[in-house]
Amino acid sequence: MAGQPGVPEAGGTDVLPGSRSALDPGRAIKPGRHGLSPETVAGIQRERLIDAFVQVVSERGFAHTTIGRVTEGAGVTKKTFYTHFTDLDDCFLAAYQRGMDILLRRMAEAYEAAPSWPDGIRAALRRMLAILAAEPRFARASLVEVNAAGPQVRQARIDNLARFRGFFEDPSLPPVPVAVIDAIVGGIYSAIHVQMETGEAEELPSLLPALTYFVLLPLIGREAASPYLTGDP
């Protein structure tokens, strides 16, 4: 199969933003002599701010997210926030980009392990839906609230959706117009967005057969795609 689609080299934390409590005692920095370097302290504070941001935005919505609520959720001061980020959009961008890097990397791992392109697509979709179901805070921030953010974050959403084109670069496929690929990716995004808005995130894995069929139908035909709709290819 083709190389890992749109995924940077693995590095750093592999925990999705918002999955950990920013106020977990294990992440606290003791006052006084704690033996930590300034760089380590800054890194801990930044990570706590990112987690707190995702938690706040997923619960209140971006329109009602304030720097004060984020810093309160992170247990730091506003001065500390401005040390790391220029504004809420900047914080959103950091959280969103890290989460998408992790999501795409995990999807690519599942895709690469599959024996064929159709199986790889199903494996990647299964991994994505499972991750989003397990991390509803990041799912809501990245799929729903991202549309309410500023132009820099919305552009990042467009850029990251384009990274999914890599899943369609397989030698077994004939050349597929970019517009067709983008339409397929957009359809998947829309279906997941609707589920997030109208149902529970934990139900996202139930979309797997329909989304797999939706992707495969225009590319390999009804006969070859239909078994994936029943879950028995």
# chains A, B, ... in the order shown; residues from 1 in each chain; ligands from 1
call {"tool": "residues_around", "arguments": {"residues": "Val56 (chain A)", "least_positions_apart": "2", "cutoff": "8 Å", "atoms": "only C-alpha atoms", "output": "ChimeraX atom specification"}}
result
/A:52-54,58-61,65,69-70,73
call {"tool": "closest_residue", "arguments": {"among": "A:Ile184, A:Pro175, A:Gln45, A:Leu207", "to": "Phe85 (chain A)", "atoms": "only C-alpha atoms"}}
result
A:Gln45
call {"tool": "residues_around", "arguments": {"residues": "Ala210 (chain A)", "least_positions_apart": "4", "cutoff": "9 Å", "atoms": "only C-alpha atoms", "output": "PyMOL selection string"}}
result
chain A and resi 206+214-215+228-230
call {"tool": "residues_around", "arguments": {"residues": "region 112-122 of chain A", "least_positions_apart": "3", "cutoff": "10 Å", "atoms": "only C-alpha atoms", "output": "PyMOL selection string"}}
result
chain A and resi 1-5+107-109+125-128+167-173+208-209+211-213+215-216+219-220+224-225+228+231+233
call {"tool": "closest_residue", "arguments": {"among": "A:Ala124, A:Ala201, A:Ser142, A:Ile192", "to": "Gly166 (chain A)", "atoms": "only C-alpha atoms"}}
result
A:Ala124
call {"tool": "atom_distance", "arguments": {"atom1": "CA of Thr66 (chain A)", "atom2": "CA of Gln155 (chain A)"}}
result
21.5 Å
call {"tool": "closest_residue", "arguments": {"among": "A:Gln97, A:Thr198, A:Thr80, A:Ser190", "to": "Val153 (chain A)", "atoms": "only C-alpha atoms"}}
result
A:Gln97
call {"tool": "select_by_dssp", "arguments": {"residues": "region 21-212 of chain A", "states": "alpha helix (DSSP H)", "output": "VMD selection string"}}
result
chain A and resid 38 to 60 67 to 74 78 to 84 88 to 113 117 to 134 136 to 143 151 to 163 178 to 198 208 to 212
call {"tool": "closest_residue", "arguments": {"among": "A:Leu49, A:Ala74, A:Leu103, A:Asp90", "to": "Leu16 (chain A)", "atoms": "only C-alpha atoms"}}
result
A:Leu103
call {"tool": "residues_around", "arguments": {"residues": "Val144 (chain A)", "least_positions_apart": "4", "cutoff": "9 Å", "atoms": "only C-alpha atoms", "output": "PDB file with N, CA, C and O atoms, in the first residue's frame"}}
result
ATOM      1  N   SER A  58     -15.655  22.370  24.642  1.00  0.00           N
ATOM      2  CA  SER A  58     -16.578  21.267  24.375  1.00  0.00           C
ATOM      3  C   SER A  58     -17.822  21.346  25.243  1.00  0.00           C
ATOM      4  O   SER A  58     -18.896  20.879  24.850  1.00  0.00           O
ATOM      5  N   GLY A  61     -19.084  25.644  24.349  1.00  0.00           N
ATOM      6  CA  GLY A  61     -19.085  26.173  22.999  1.00  0.00           C
ATOM      7  C   GLY A  61     -18.063  27.288  22.874  1.00  0.00           C
ATOM      8  O   GLY A  61     -17.763  27.987  23.843  1.00  0.00           O
ATOM      9  N   ALA A 139     -13.572  15.424  20.039  1.00  0.00           N
ATOM     10  CA  ALA A 139     -14.454  15.247  18.886  1.00  0.00           C
ATOM     11  C   ALA A 139     -15.336  16.473  18.697  1.00  0.00           C
ATOM     12  O   ALA A 139     -15.482  16.983  17.580  1.00  0.00           O
ATOM     13  N   ARG A 140     -15.914  16.946  19.768  1.00  0.00           N
ATOM     14  CA  ARG A 140     -16.807  18.110  19.640  1.00  0.00           C
ATOM     15  C   ARG A 140     -16.015  19.367  19.279  1.00  0.00           C
ATOM     16  O   ARG A 140     -16.453  20.162  18.433  1.00  0.00           O
ATOM     17  N   ALA A 148     -16.824  27.589  14.518  1.00  0.00           N
ATOM     18  CA  ALA A 148     -17.147  28.877  15.131  1.00  0.00           C
ATOM     19  C   ALA A 148     -15.895  29.707  15.425  1.00  0.00           C
ATOM     20  O   ALA A 148     -16.000  30.857  15.840  1.00  0.00           O
ATOM     21  N   HIS A 193     -20.343  14.976  11.783  1.00  0.00           N
ATOM     22  CA  HIS A 193     -20.810  16.234  12.380  1.00  0.00           C
ATOM     23  C   HIS A 193     -22.272  16.123  12.791  1.00  0.00           C
ATOM     24  O   HIS A 193     -22.654  16.533  13.901  1.00  0.00           O
ATOM     25  N   MET A 196     -22.615  14.066  15.866  1.00  0.00           N
ATOM     26  CA  MET A 196     -22.175  14.801  17.054  1.00  0.00           C
ATOM     27  C   MET A 196     -23.232  15.801  17.502  1.00  0.00           C
ATOM     28  O   MET A 196     -23.392  16.059  18.692  1.00  0.00           O
ATOM     29  N   GLU A 197     -23.962  16.377  16.565  1.00  0.00           N
ATOM     30  CA  GLU A 197     -24.955  17.394  16.891  1.00  0.00           C
ATOM     31  C   GLU A 197     -26.293  16.802  17.332  1.00  0.00           C
ATOM     32  O   GLU A 197     -27.015  17.410  18.123  1.00  0.00           O
TER      33      GLU A 197
END
call {"tool": "atom_distance", "arguments": {"atom1": "CA of Ile50 (chain A)", "atom2": "CA of Leu204 (chain A)"}}
result
24.4 Å
call {"tool": "residues_around", "arguments": {"residues": "Ser19 (chain A)", "least_positions_apart": "3", "cutoff": "9 Å", "atoms": "only C-alpha atoms", "output": "ChimeraX atom specification"}}
result
/A:15-16,51,54-55,135-138
call {"tool": "atom_distance", "arguments": {"atom1": "CA of Leu104 (chain A)", "atom2": "CA of Ala183 (chain A)"}}
result
18.5 Å
call {"tool": "closest_residue", "arguments": {"among": "A:Ala63, A:Ala130, A:Val194, A:Val185", "to": "Ala110 (chain A)", "atoms": "only C-alpha atoms"}}
result
A:Ala130
